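Inspection log for the structure reproduced underneath, given as structure tokens.
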Amino acid sequence: MTILPTYDDVAAAAIRIQRHAHRTPVLTSRTLDTALGARVFFKCENLQRMGAFKFRGAFNALSRFSAQQRKAGVVTFSSGNHAQAIALAAWLLEIPATVVMPHDAPAAKVAATRGYGGRVVSYDRYTEDRDQIGGNLAERQGMTLIPPYDHADVLAGQGTAAKELLEETGPLDMLFAPLSGGGLLSGTALATHALSPGCLLYGVEPEAGNDGQQSLRAGRIVHIDAPRTIADGARTQRLGNITFAIIQRSVADILTVSDDELLECMGFLATRMKLVVEPTGCLGLAAALKHAHQLQGKRVGIILSGGNVDTRRFTQWLDS
Ligand SMILES: *Cc1c(COP(=O)(O)O)cnc(C)c1O
């Protein structure tokens with residue numbers, strides 16, 4: 001049995017990242033508070049470096065490398081925010097980074113990863129297995145593989161966002177966080193349990209990709225087919241082993257929302273709060289609005305997890 005990370009790991013991560021990650025703002029909306037009869041606090045990780053909370057976990061993990069690991073470099077597989085987070089953290093720490101990406105990954109994401117100095121290795125997502133390619137690179141070239149969520153240092157780093165939020169707001173009644181592989185939610189659980197033990201923590205997934213909800217109900221990790229949803233940061237097909245162990249014992253529930261509900265939140269955040277938030281980043285707000293009747297008189301936290309969205313699609317979505 002592996003020993004699960006604790007709040008001490010989140011606190012240690014906070015010290016490691018403090019001079020490098022932004023302490024993102026906590027924003028409120030009087031319009032929303034009045035409409036809900038609640039106090040809602042948004043932790044704005046869309047304003048984090050490289051545009052998502054993932055910088056926290058990546059920087060924490062890489063800053064723990066030994067001299068030998070630093071020299072050989074880091075490898076990861078991802079086409080999304082984790083790739084950019086690893087590339088940026090590695091660049092800051094002067095560690096060579098290799099990112100294994102599908103050959104049809106969005107050009108903007110490939111460019112962003114290269115822009116942070118990452119080496120991109122492409123693979124065919126229909127015929128090749130990224131885990132194997134990443135594993136081979138790690139083995140043959142001595143690189144350290146840092147996966148996107150199922151890793152103690154990664155999830156401890158992600159937990160620093162909720163730590164900052166709760167330090168600023170004090171105890172909350174409810175907290176909503178997006179859920180894909182569970183790094184953010186499990187780290188958030190460690191911070192919440194320590195700093196606001198009475199707080200009900202909710203993970204939120206897209207309806208089409210509710211493997212986490214199914215897993216919580218079944219009491220074991222449920223694997224699903226790649227879901228179709230605009231929440232491209234939440235298309236993971238299964239939770240991690242470490243993340244599930246923490247999530248299972250600490251969340252109040254896992255909720256789901258539709259793509260239309262995400263679009264509505266994207267519009268609200270853009271027009272009323274002047275915030276650009278990607279669809280996955282809207283999961284928490286969408287679930288809070290869906291369960292508005294339970295929020296009355298409550299102090300509620302919502303993690304806006306990221307803001308990396310193609311501007312053309314963003315404006316199309318706002319018009320739709
Ligand atoms: C990765 C990501 C998530 C999901 O995080 P997990 O740790 O995989 O659950 C949510 N929102 C954004 C913006 C992300 O990049």
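Ligands are numbered from 1 in the order shown, chains are lettered A, B, ... in the order of the structure tokens, and residues start at 1 in each chain.
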Exercise. Could you list, as a PyMOL selection string, all the residues within 7 Å of ligand 1, counting only C-alpha atoms and all ligand atoms?
Worked result: chain A and resi 52-54+80-82+148-149+178-185+233-234+278+280-281+305-307
Problem set entry | Picked from segment 25-259 of chain A by DSSP as helix (DSSP H, G or I), as a PyMOL selection string | chain A and resi 30-36+45-47+49-51+54-62+67-72+81-92+107-115+130-141+152-169+183-195+207-209+211-218+232-234+241-250+259
Exercise. What is the atom CA of Val100 of chain A to atom CA of Asn308 of chain A distance in Å?
Worked result: 19.4 Å
So that I can see what lies close to Asp33 of chain A, please list as a PDB file with C-alpha atoms, in the first residue's frame the residues with an atom at most 12 Å from it, counting only C-alpha atoms and leaving out residues fewer than 4 positions away in the same chain.
ATOM      1  CA  LEU A  27     -13.002  37.608  -6.761  1.00  0.00           C
ATOM      2  CA  THR A  28     -16.657  38.066  -5.880  1.00  0.00           C
ATOM      3  CA  SER A  29     -19.745  39.228  -7.780  1.00  0.00           C
ATOM      4  CA  GLY A  37     -28.594  34.795  -1.526  1.00  0.00           C
ATOM      5  CA  ALA A  38     -25.096  33.486  -0.843  1.00  0.00           C
ATOM      6  CA  ARG A  39     -21.491  34.653  -0.570  1.00  0.00           C
ATOM      7  CA  VAL A  40     -19.499  33.220  -3.467  1.00  0.00           C
ATOM      8  CA  PHE A  41     -15.690  33.378  -3.701  1.00  0.00           C
ATOM      9  CA  PHE A  42     -13.946  32.599  -7.002  1.00  0.00           C
ATOM     10  CA  ALA A 288     -23.152  25.646  -8.059  1.00  0.00           C
ATOM     11  CA  LEU A 289     -25.809  27.341 -10.217  1.00  0.00           C
ATOM     12  CA  ALA A 292     -28.577  27.122  -6.332  1.00  0.00           C
ATOM     13  CA  LEU A 295     -26.502  27.657  -1.559  1.00  0.00           C
ATOM     14  CA  GLN A 296     -28.853  30.063   0.239  1.00  0.00           C
ATOM     15  CA  GLY A 297     -27.195  31.727   3.204  1.00  0.00           C
ATOM     16  CA  LYS A 298     -23.973  29.785   2.581  1.00  0.00           C
ATOM     17  CA  ARG A 299     -20.349  30.784   2.073  1.00  0.00           C
ATOM     18  CA  VAL A 300     -19.292  29.096  -1.143  1.00  0.00           C
ATOM     19  CA  GLY A 301     -15.915  28.660  -2.863  1.00  0.00           C
TER      20      GLY A 301
END
Problem set entry | Best match for closeness to Gly284 of chain A among A:Gly118, A:Pro96, A:Gly73, A:Gly203, counting only C-alpha atoms |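 Among the listed residues, A:Gly203 lies closest to Gly284 of chain A.
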Exercise. Taking the backbone alone, and naming residues the way the document does, which bits of segment 191-261 of chain A are strand (DSSP E) by DSSP, as an NGL selection string?
Worked result: :A and (200-206 or 253-257)
For this session: Within 12 Å of Asn136 of chain A, counting only C-alpha atoms, which residues show up once you throw out same-chain ones fewer than 5 positions away? Write them as JSON, numbers by chain, please.
Result: {"A": [75, 76, 77, 100, 129, 130, 131, 141, 142, 143, 144, 145]}
Exercise. At what distance in Å, to one decimal, does atom CA of Ala287 of chain A lie from atom CA of Glu205 of chain A?
Worked result: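 Separating atom CA of Glu205 of chain A from atom CA of Ala287 of chain A is a distance of 8.9 Å.
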Problem set entry | For Asp153 of chain A: contacts at 8 Å, only C-alpha atoms, fewer than 2 positions along chain excluded, given as number ranges by chain | A: 9, 13, 57, 60-61, 151, 155-157
For this session: Find the distance between atom CA of Gly212 of chain A and atom CA of Ser196 of chain A and write it in Å to one decimal.
Result: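 So the answer is 23.3 Å.
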Problem set entry | Neighbour list for segment 259-271 of chain A as a PyMOL selection string, cut-off 8 Å, only C-alpha atoms, skip fewer than 5 positions in-chain | chain A and resi 206-207+229-231+276-280+282-283+285-286+317-318
The selected residues should be written to file as a short mmCIF file (atom, residue, chain, number, x, y, z; two decimals), in the first residue's frame (atoms: C-alpha atoms).
data_model
loop_
_atom_site.label_atom_id
_atom_site.label_comp_id
_atom_site.auth_asym_id
_atom_site.auth_seq_id
_atom_site.Cartn_x
_atom_site.Cartn_y
_atom_site.Cartn_z
CA PRO A 206 -19.09 16.99 -17.64
CA GLU A 207 -22.22 14.82 -17.97
CA THR A 229 -17.65 17.39 -24.40
CA ILE A 230 -16.43 20.96 -24.89
CA ALA A 231 -14.63 20.59 -21.53
CA VAL A 276 -11.86 34.52 -19.74
CA VAL A 277 -12.42 30.98 -18.44
CA GLU A 278 -12.13 27.82 -20.57
CA PRO A 279 -15.07 25.38 -20.59
CA THR A 280 -13.41 22.98 -18.12
CA CYS A 282 -16.49 26.64 -15.62
CA LEU A 283 -17.45 23.22 -14.19
CA LEU A 285 -19.72 27.45 -11.23
CA ALA A 286 -22.09 25.46 -13.44
CA TRP A 317 -19.23 30.27 -28.11
CA LEU A 318 -20.23 33.61 -26.62
#
